[in-house]
Each structure stands twice: as C-alpha cells, then as structure tokens.
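Student: One structure, pasted below without further comment.
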Amino acid sequence: MRGPSKMEDALFQPREMDASGHGPADGVPGWRAAALTHSQIARARTVEDGDRAVLRRVRGIGERWDAWRWRAEEKLARVDLAPDLAQGIGSRRWFRGLGTFIGLSAFSLAFWPGFAPLEAAPATRVDDAVRDEFRSQMIMPLALGGDSGRRMAATQAVAPLKAAPERPRIEVVATLANGDSFARMLQRAGIGGADAARVLGLVGQAMPVDEIAPGTKIDITLGRRPAPGTARPLDALAFRARFDLALEVARGDGGGLALERKAIRVDNTPLRIRGVAGSSLYRAMRSAGAPAGAVQAYLKELGQQVDLDDGVRPDDTFDMIISYKRAATGERQAGQLLYAGIERGGKPRTQLMRWGSDGKFYEASGVGEQRSGLLQPVPGRITSSFGMRRHPILGYMRRHAGMDFKASYGQPIVAVTDGRVLSAGRAGGCGNTVRLAHGGNIQTRYCHMSRMAVAAGQSVRRGQVIGYVGSTGLSTGAHLHYEMYRGGQPVNPASVAFVTRAQLTGENLRRFRQVLAQLKTVGAGAALSDLTPSAAEADSDLPVREIDRLGE
C-alpha cells in the first residue's frame with residue numbers, strides 16, 4: 001500500500017499550517033482550514049499514468065470568489081482598525097484605535113439630523129386681497145350684514161338709492177360683563193336714556209340691579225325710529241334675573257313700559273352620589289358624575305377625619321350629597337357639599353354634615369370639624385401647667401408632669417389621636433387612669449376619671465370617648481390631668497398645638513340629627529330625573545294656532 005503522493009499532500013494540507021508545518025504564531029490572524037467543497041474531482045487519462053484517477057482542482061466562479069474573500073479577510077484582519085482601547089493604553093496601537101474612534105464619531109456627527117421645524121408651504125399663497133375676494137363670494141358674510149364691504153355683480157343697470165330704509169325692528173342679545181353696570185350695558189345696546197331709566201326703575205322693584213350676575217344675557221328688541229337721528233324705542237327686554245325668576249319688560253298698548261315677573265318652578269332635591277372608592281377616590285367620584293368643586297370639598301373635609309391614603313380601602317363606598325336645583329325650564333345648578341361619608345361593609349364609618357350659619361361640618365355625633373394635629377381631650381381651659389408647683393394636697397413643691405383641664409363631672413374625655421390602650425385601671429394618686437400608645441413613640445395618660453370607657457389592648461380612634469371626668473385619686477375636685485410622654489420621658493403637652501372642636505348640645509343637636517337622618521333618605525341620582533310639568537305648564541305648551549294642532 002503506497003503512501004500519499006506529494007500532490008495529494010499539497011492538496012489536503014490544512015491552511016492553518018505554515019511552510020514549516022506549524023500553526024500561526026500568537027497575534028497573527030489564523031488561516032482558514034482547507035476546504036474542497038467548491039472543488040470538483042475529475043478523472044483524467046494521461047499517457048504516463050494510464051487509467052489512474054487523479055484529483056484535478058477545477059477553478060470555477062464560486063471558488064474564485066471564495067479565494068478573493070479569504071484574501072480580503074486576511075488583509076482586513078492585519079489592519080486592526082478597532083483595537084480594544086482598554087488594553088495597551090499609550091501604545092501606538094492604542095492611539096491608532098483612538099484615531100479610529102474620533103474619526104467615526106466625527107463622521108456620525110456630520111450626518112446628525114437637525115431639530116429645526118419643517119415648514120410646509122401652503123398650496124396657494126393667500127394674501128389679504130385674495131382672502132377678501134374669497135369672503136365677498138361666500139354666503140357667510142350675508143348673515144353678518146355684508147361685513148366684507150364688497151358688492152357683487154355691480155353693473156350700469158344698478159342705480160344707487162338716495163336713502164336706504166331702516167329695519168322696522170332690531171333684535172339684539174346683550175351680555176352683562178364682569179365689572180360692568182346694568183345701565184351702561186343698556187346704553188351700549190342702543191336704548192335711549194328715558195327708556196333705560198324706566199327699565200332700571202322697573203327691574204329695581206323686583207330685585208336689586210347690582211345683584212344681577214355677570215354673564216347674564218338680555219334679549220332686547222328695539223322698534224322703529226320716530227324720526228331720523230333719534231334713538232330707537234324699546235319694545236321688549238327679557239332676561240333670567242335669578243334661577244327661579246325671569247323678568248320681562250314690554251311696551252303696552254298705551255305706549256308705556258310694564259314689568260312682568262315670571263316665577264320659575266324650582267326643585268331643591270339634593271343630589272346624592274355613591275360609588276366604590278377603587279384605586280383612586282378622586283377618579284371614582286369624578287367618573288360617577290360629581291362636580292370637581294364638590295369632590296375637592298369632600299376630600300378636604302374627609303381628610304381632616306381620616307387618612308385618605310390608609311384610611312380608605314378600595315372596596316369602601318363613598319357617599320356625598322350636594323345641594324342641587326332643577327328648574328322647570330330644564331336648567332340645572334349644582335351647589336355646595338352638604339354631606340360627606342365613607343361606608344365599609346354596608347355600615348357608615350365616617351359621616352360629616354354641614355350645619356349652622358358658618359357652614360362648618362359636624363360628625364354624626366354632633367362633634368364639630370377637626371383640623372390636623374392633636375385634639376384637646378376636653379374643651380375646658382387649662383388650670384395648671386407643666387412644671388414645678390406646690391402640690392395642693394401634699395403641700396410641698398414637686399414637678400407637675402402634665403397639665404390640668406377644667407371640666408365638669410361626667411364630661412366625656414376623648415383620645416387626642418389614634419392609638420392603642422396600654423392600660424386602663426387604678427393608678428395610685430392618678431385614680432382611674434387610661435394610658436394610650438400612639439405613633440412616633442408617643443404616649444398619653446388621662447387621670448382622675450370617674451369612669452373608663454375602654455379596656456387594655458383596645459384600639460381607639462381620634463376623638464373617641466375613652467372615659468369621663470371625675471375626681472378619683474389625689475384630687476381636690478373634678479378635672480382632667482393629662483400627660484404626654486415621648487420615648488418614656490414626660491414632655492410638656494403645651495408644646496403641642498391642640499385643636500378645639502365645637503360640640504352640639506340640646507335642641508341644636510336634636511335638630512342636627514333629625515336633618516341628617518332626613519338628608520340620608522335621598523336616593524342616589526334621584527335629582528337627575530326631569531321635573532314633571534304642572535297643569536299650568538302643560539297647558540302653556542299646547543299649540544295656540546290651529547295649524548300647529550295638525551301634528552297632534
């Protein structure tokens with residue numbers, strides 16, 4: 001068996017092998033492996049070899065392309081245009097790579113697109129003359145009294161008039177602007193001085209003229225001039241003076257102006273809106289149709305009672321009632337917030353209602369609105385402050401660790417803020433005492449109670465009654481001794497601003513609860529239905545002319 005010939009060795013020698021039979025040195029690009037995929041095996045007959053099969057490399061177009069591509073890749077690999085700039089810092093190879101980087105960056109910046117706005121020229125250049133020509137040939141200026149000032153089809157057959165006749169009547173709509181007066185508005189509308197004075201006197205009998213709201217629209221009808229150059233007489237004037245009143249001034253058969261009051265039936269059923277709080281209480285209320293002003297008032301009042309971030313759950317139900325007016329003519333007007341509440345599990349959790357001439361909100365229990373900060377445990381005045389004092393019973397000087405509030409026997413004592421009851425029981429000289437733990441490492445203690453309304457371990461809310469004023473322990477009379485601790489050390493409670501609350505009592509409290517119960521009987525969305533027309537309103541809607549009755 002013969003070994004491979006020299007020609008076969010040359011054909012099948014791998015390209016990775018150099019002339020010495022070794023692979024490429026380090027750092028020198030490697031050769032590709034020998035590949036005969038694009039070669040063909042041909043059989044040849046020669047005189048010397050006879051029928052012996054030989055391999056003949058046929059150089060086709062594909063092989064030529066591969067050979068050229070291999071040579072190009074070898075040359076590009078030797079160039080090393082983009083070396084790693086993290087290696088060989090400061091060498092010639094590194095500076096060559098830095099130059100490549102700067103050149104490519106400059107090339108990219110050169111073709112960076114600009115940010116200037118692209119202006120698109122109109123298809124037709126329209127100047128003032130062309131625009132005026134367009135206006136003169138369209139229909140809209142006819143409705144505006146020919147404001148373009150152009151005439152069409154003016155020929156020799158058109159004879160100008162010496163005097164153009166005036167319109168027999170002019171109907172205009174004037175608007176009372178903010179800061180304007182009713183008299184100046186009448187004057188600008190073209191009403192003469194005598195008629196304007198008469199209108200002011202008639203309207204003043206029905207309501208003060210300065211109470212007419214800005215933005216009110218007045219329908220004015222002016223008659224024919226009695227003589228050239230004189231003011232047109234006022235034939236009729238009508239406007240909506242109030243939501244429930246319309247006024248009309250008209251000229252009678254005798255030539256004088258008379259006022260007619262038209263009372264408008266108005267329903268004052270409040271509008272109640274309820275819905276699920278969801279992930280956003282504001283968005284849920286706006287989606288339910290609540291006005292933006294009422295929603296802001298609701299969140300403001302409710303935020304003073306509960307924490308809107310943690311105190312309102314997505315499955316809670318918001319309940320709001322706002323004043324609402326429906327006119328028989330179809331107009332509607334939303335007013336101020338009357339009631340704000342939150343329900344959880346079908347039971348009211350927070351209930352606030354506007355009450356009194358000052359418009360403050362009170363809880364369902366009759367307690368007035370709360371502000372941010374700590375509540376005052378009782379509404380009495382301070383009779384003894386924090387610090388050194390002579391003890392009224394022991395008779396010697398010692399530090400007074402809290403402050404005393406004057407209060408009558410049995411008066412309720414409330415928690416200054418949300419917390420948990422640490423202890424509730426007898427505590428030596430403090431008598432019946434309740435100690436609460438609050439956030440921020442703060443504790444409060446309420447002494448000399450006649451009766452306690454909470455137990456140890458119970459959670460209490462801000463404003464909740466925890467006991468009643470008494471005189472147990474070392475006490476000379478009914479009062480509340482209140483202490484505050486931070487980190488276990490007593491602090492002066494006067495350093496914390498208390499918030500006082502109004503308290504409804506007696507007949508006022510009874511009427512408050514009665515109105516609250518009546519207000520909550522309003523059905524949700526009941527005020528959105530249209531008013532049923534009365535008999536007189538139905539008769540006024542019947543057609544007067546016989547021709548109008550044909551459609552019945």
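Every chain in the structure tokens has a letter given in the order shown (A, B, ...), and although residue numbers restart at 1 in each chain, ligands are simply numbered from 1 in the order shown.
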At a cut-off of 12 Å, using only C-alpha atoms, what residues contact Gly255 (chain A)? Leave out same-chain residues fewer than 5 positions from it and give the result as a ChimeraX atom specification.

Tutor: /A:195,223,233-236,250

Student: Save out the residues we just selected, N, CA, C and O atoms, as a tab-separated table (two decimals), in the first residue's frame.

Tutor:
chain	number	residue	atom	x	y	z
A	195	ASP	N	-85.89	105.48	28.17
A	195	ASP	CA	-86.29	104.07	28.31
A	195	ASP	C	-85.36	103.32	29.26
A	195	ASP	O	-85.80	102.45	30.04
A	223	GLY	N	-87.63	99.10	18.46
A	223	GLY	CA	-88.61	99.40	17.41
A	223	GLY	C	-88.11	100.40	16.40
A	223	GLY	O	-86.91	100.74	16.33
A	233	PRO	N	-86.97	103.26	20.03
A	233	PRO	CA	-87.69	102.97	21.27
A	233	PRO	C	-87.53	101.50	21.65
A	233	PRO	O	-87.35	100.63	20.79
A	234	LEU	N	-87.59	101.23	22.94
A	234	LEU	CA	-87.50	99.86	23.44
A	234	LEU	C	-88.88	99.20	23.36
A	234	LEU	O	-89.83	99.69	23.97
A	235	ASP	N	-88.96	98.11	22.61
A	235	ASP	CA	-90.22	97.37	22.53
A	235	ASP	C	-90.31	96.28	23.59
A	235	ASP	O	-91.37	96.07	24.18
A	236	ALA	N	-89.21	95.56	23.82
A	236	ALA	CA	-89.25	94.47	24.80
A	236	ALA	C	-87.84	94.19	25.30
A	236	ALA	O	-86.84	94.42	24.59
A	250	ALA	N	-91.98	95.01	28.68
A	250	ALA	CA	-92.59	95.14	27.35
A	250	ALA	C	-93.41	96.43	27.29
A	250	ALA	O	-93.88	96.95	28.31

Student: Could you pull out the residues in region 274-370 of chain A that DSSP calls strand (DSSP E) from the backbone, as a PyMOL selection string?

Tutor: chain A and resi 274-276+317-327+332-344+347-355+360-363

Student: Could you pull out the alpha helix (DSSP H) residues of region 335-515 of chain A from DSSP and send them as a ChimeraX atom specification?

Tutor: /A:506-515

Student: Go ahead and dump the residues you just picked, N, CA and C atoms, as a PDB file, in the first residue's frame.

Tutor:
ATOM      1  N   GLY A 506     -78.221  69.728  73.279  1.00  0.00           N
ATOM      2  CA  GLY A 506     -79.608  70.108  73.482  1.00  0.00           C
ATOM      3  C   GLY A 506     -80.441  70.068  72.216  1.00  0.00           C
ATOM      4  N   GLU A 507     -81.268  71.106  72.046  1.00  0.00           N
ATOM      5  CA  GLU A 507     -82.171  71.185  70.911  1.00  0.00           C
ATOM      6  C   GLU A 507     -81.415  71.278  69.586  1.00  0.00           C
ATOM      7  N   ASN A 508     -80.280  71.951  69.594  1.00  0.00           N
ATOM      8  CA  ASN A 508     -79.489  72.067  68.372  1.00  0.00           C
ATOM      9  C   ASN A 508     -78.997  70.700  67.901  1.00  0.00           C
ATOM     10  N   LEU A 509     -78.566  69.859  68.842  1.00  0.00           N
ATOM     11  CA  LEU A 509     -78.110  68.512  68.496  1.00  0.00           C
ATOM     12  C   LEU A 509     -79.281  67.664  67.993  1.00  0.00           C
ATOM     13  N   ARG A 510     -80.438  67.807  68.595  1.00  0.00           N
ATOM     14  CA  ARG A 510     -81.594  67.032  68.147  1.00  0.00           C
ATOM     15  C   ARG A 510     -81.986  67.409  66.726  1.00  0.00           C
ATOM     16  N   ARG A 511     -82.016  68.698  66.422  1.00  0.00           N
ATOM     17  CA  ARG A 511     -82.348  69.143  65.068  1.00  0.00           C
ATOM     18  C   ARG A 511     -81.279  68.701  64.073  1.00  0.00           C
ATOM     19  N   PHE A 512     -80.018  68.716  64.493  1.00  0.00           N
ATOM     20  CA  PHE A 512     -78.928  68.272  63.610  1.00  0.00           C
ATOM     21  C   PHE A 512     -79.113  66.811  63.211  1.00  0.00           C
ATOM     22  N   ARG A 513     -79.383  65.965  64.182  1.00  0.00           N
ATOM     23  CA  ARG A 513     -79.560  64.548  63.888  1.00  0.00           C
ATOM     24  C   ARG A 513     -80.818  64.300  63.066  1.00  0.00           C
ATOM     25  N   GLN A 514     -81.845  65.108  63.268  1.00  0.00           N
ATOM     26  CA  GLN A 514     -83.071  64.957  62.501  1.00  0.00           C
ATOM     27  C   GLN A 514     -82.831  65.310  61.032  1.00  0.00           C
ATOM     28  N   VAL A 515     -82.118  66.400  60.795  1.00  0.00           N
ATOM     29  CA  VAL A 515     -81.820  66.806  59.419  1.00  0.00           C
ATOM     30  C   VAL A 515     -80.895  65.795  58.748  1.00  0.00           C
TER      31      VAL A 515
END

Student: Using only C-alpha atoms, which protein or nucleic acid residues come within 9 Å of Leu519 (chain A)? Drop anything in the same chain fewer than 6 positions from it, and give the result as a ChimeraX atom specification.

Tutor: /A:270,321,338-339

Student: Using N, CA and C atoms, can you write the selected residues to a file as a short mmCIF file (atom, residue, chain, number, x, y, z; two decimals), in the first residue's frame?

Tutor:
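The resulting file, out-v6.cif, is shown below:
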data_model
loop_
_atom_site.label_atom_id
_atom_site.label_comp_id
_atom_site.auth_asym_id
_atom_site.auth_seq_id
_atom_site.Cartn_x
_atom_site.Cartn_y
_atom_site.Cartn_z
N PRO A 270 -81.69 67.49 46.90
CA PRO A 270 -80.23 67.36 46.80
C PRO A 270 -79.83 66.20 45.90
N ILE A 321 -73.47 64.14 49.22
CA ILE A 321 -74.73 64.80 48.90
C ILE A 321 -74.42 66.28 48.71
N LEU A 338 -73.03 69.12 51.01
CA LEU A 338 -73.84 69.06 52.22
C LEU A 338 -73.45 67.90 53.13
N TYR A 339 -73.05 66.78 52.55
CA TYR A 339 -72.78 65.58 53.34
C TYR A 339 -71.61 64.83 52.70
#

Student: Taking only C-alpha atoms into account, which of A:Ile170, A:Ala183, A:Leu109, A:Ala164 comes nearest Gly204 (chain A)?

Tutor: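 For Gly204 (chain A), the nearest of the given residues is A:Ala183.
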
Student: With only C-alpha atoms as the counted atoms, please give the residues lying no more than 8 Å from Gln411 (chain A), apart from itself and same-chain residues fewer than 4 positions off, as a list in words.

Tutor: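 In the requested form, the answer reads Val378, Ala407, Tyr468 and Val469 of chain A.
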
Student: What lies within 9 Å of region 290-293 of chain A using only C-alpha atoms, ignoring chain neighbours under 2 positions off, as a list in words?

Tutor: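 Result of the neighbour search: Ile273, Met285, Arg286, Ser287, Ala288, Val295, Gln296, Ala297, Tyr298, Met320, Ile322, Ala334, Gln336 and Leu337 of chain A.
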
Student: What is the distance between CA of Ala159 (chain A) and CA of Arg232 (chain A), in Å to one decimal?

Tutor: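 Between these atoms lies a distance of 28.9 Å.
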
Student: Can you measure CA of Glu74 (chain A) to CA of Ala106 (chain A) for me? One decimal in Å is fine.

Tutor: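 A separation of 27.9 Å between them.
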
Student: For CA of Pro412 (chain A) and CA of Met353 (chain A), determine how far apart the two atoms are, in Å to one decimal place.

Tutor: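 Separation between CA of Pro412 (chain A) and CA of Met353 (chain A): 21.9 Å.
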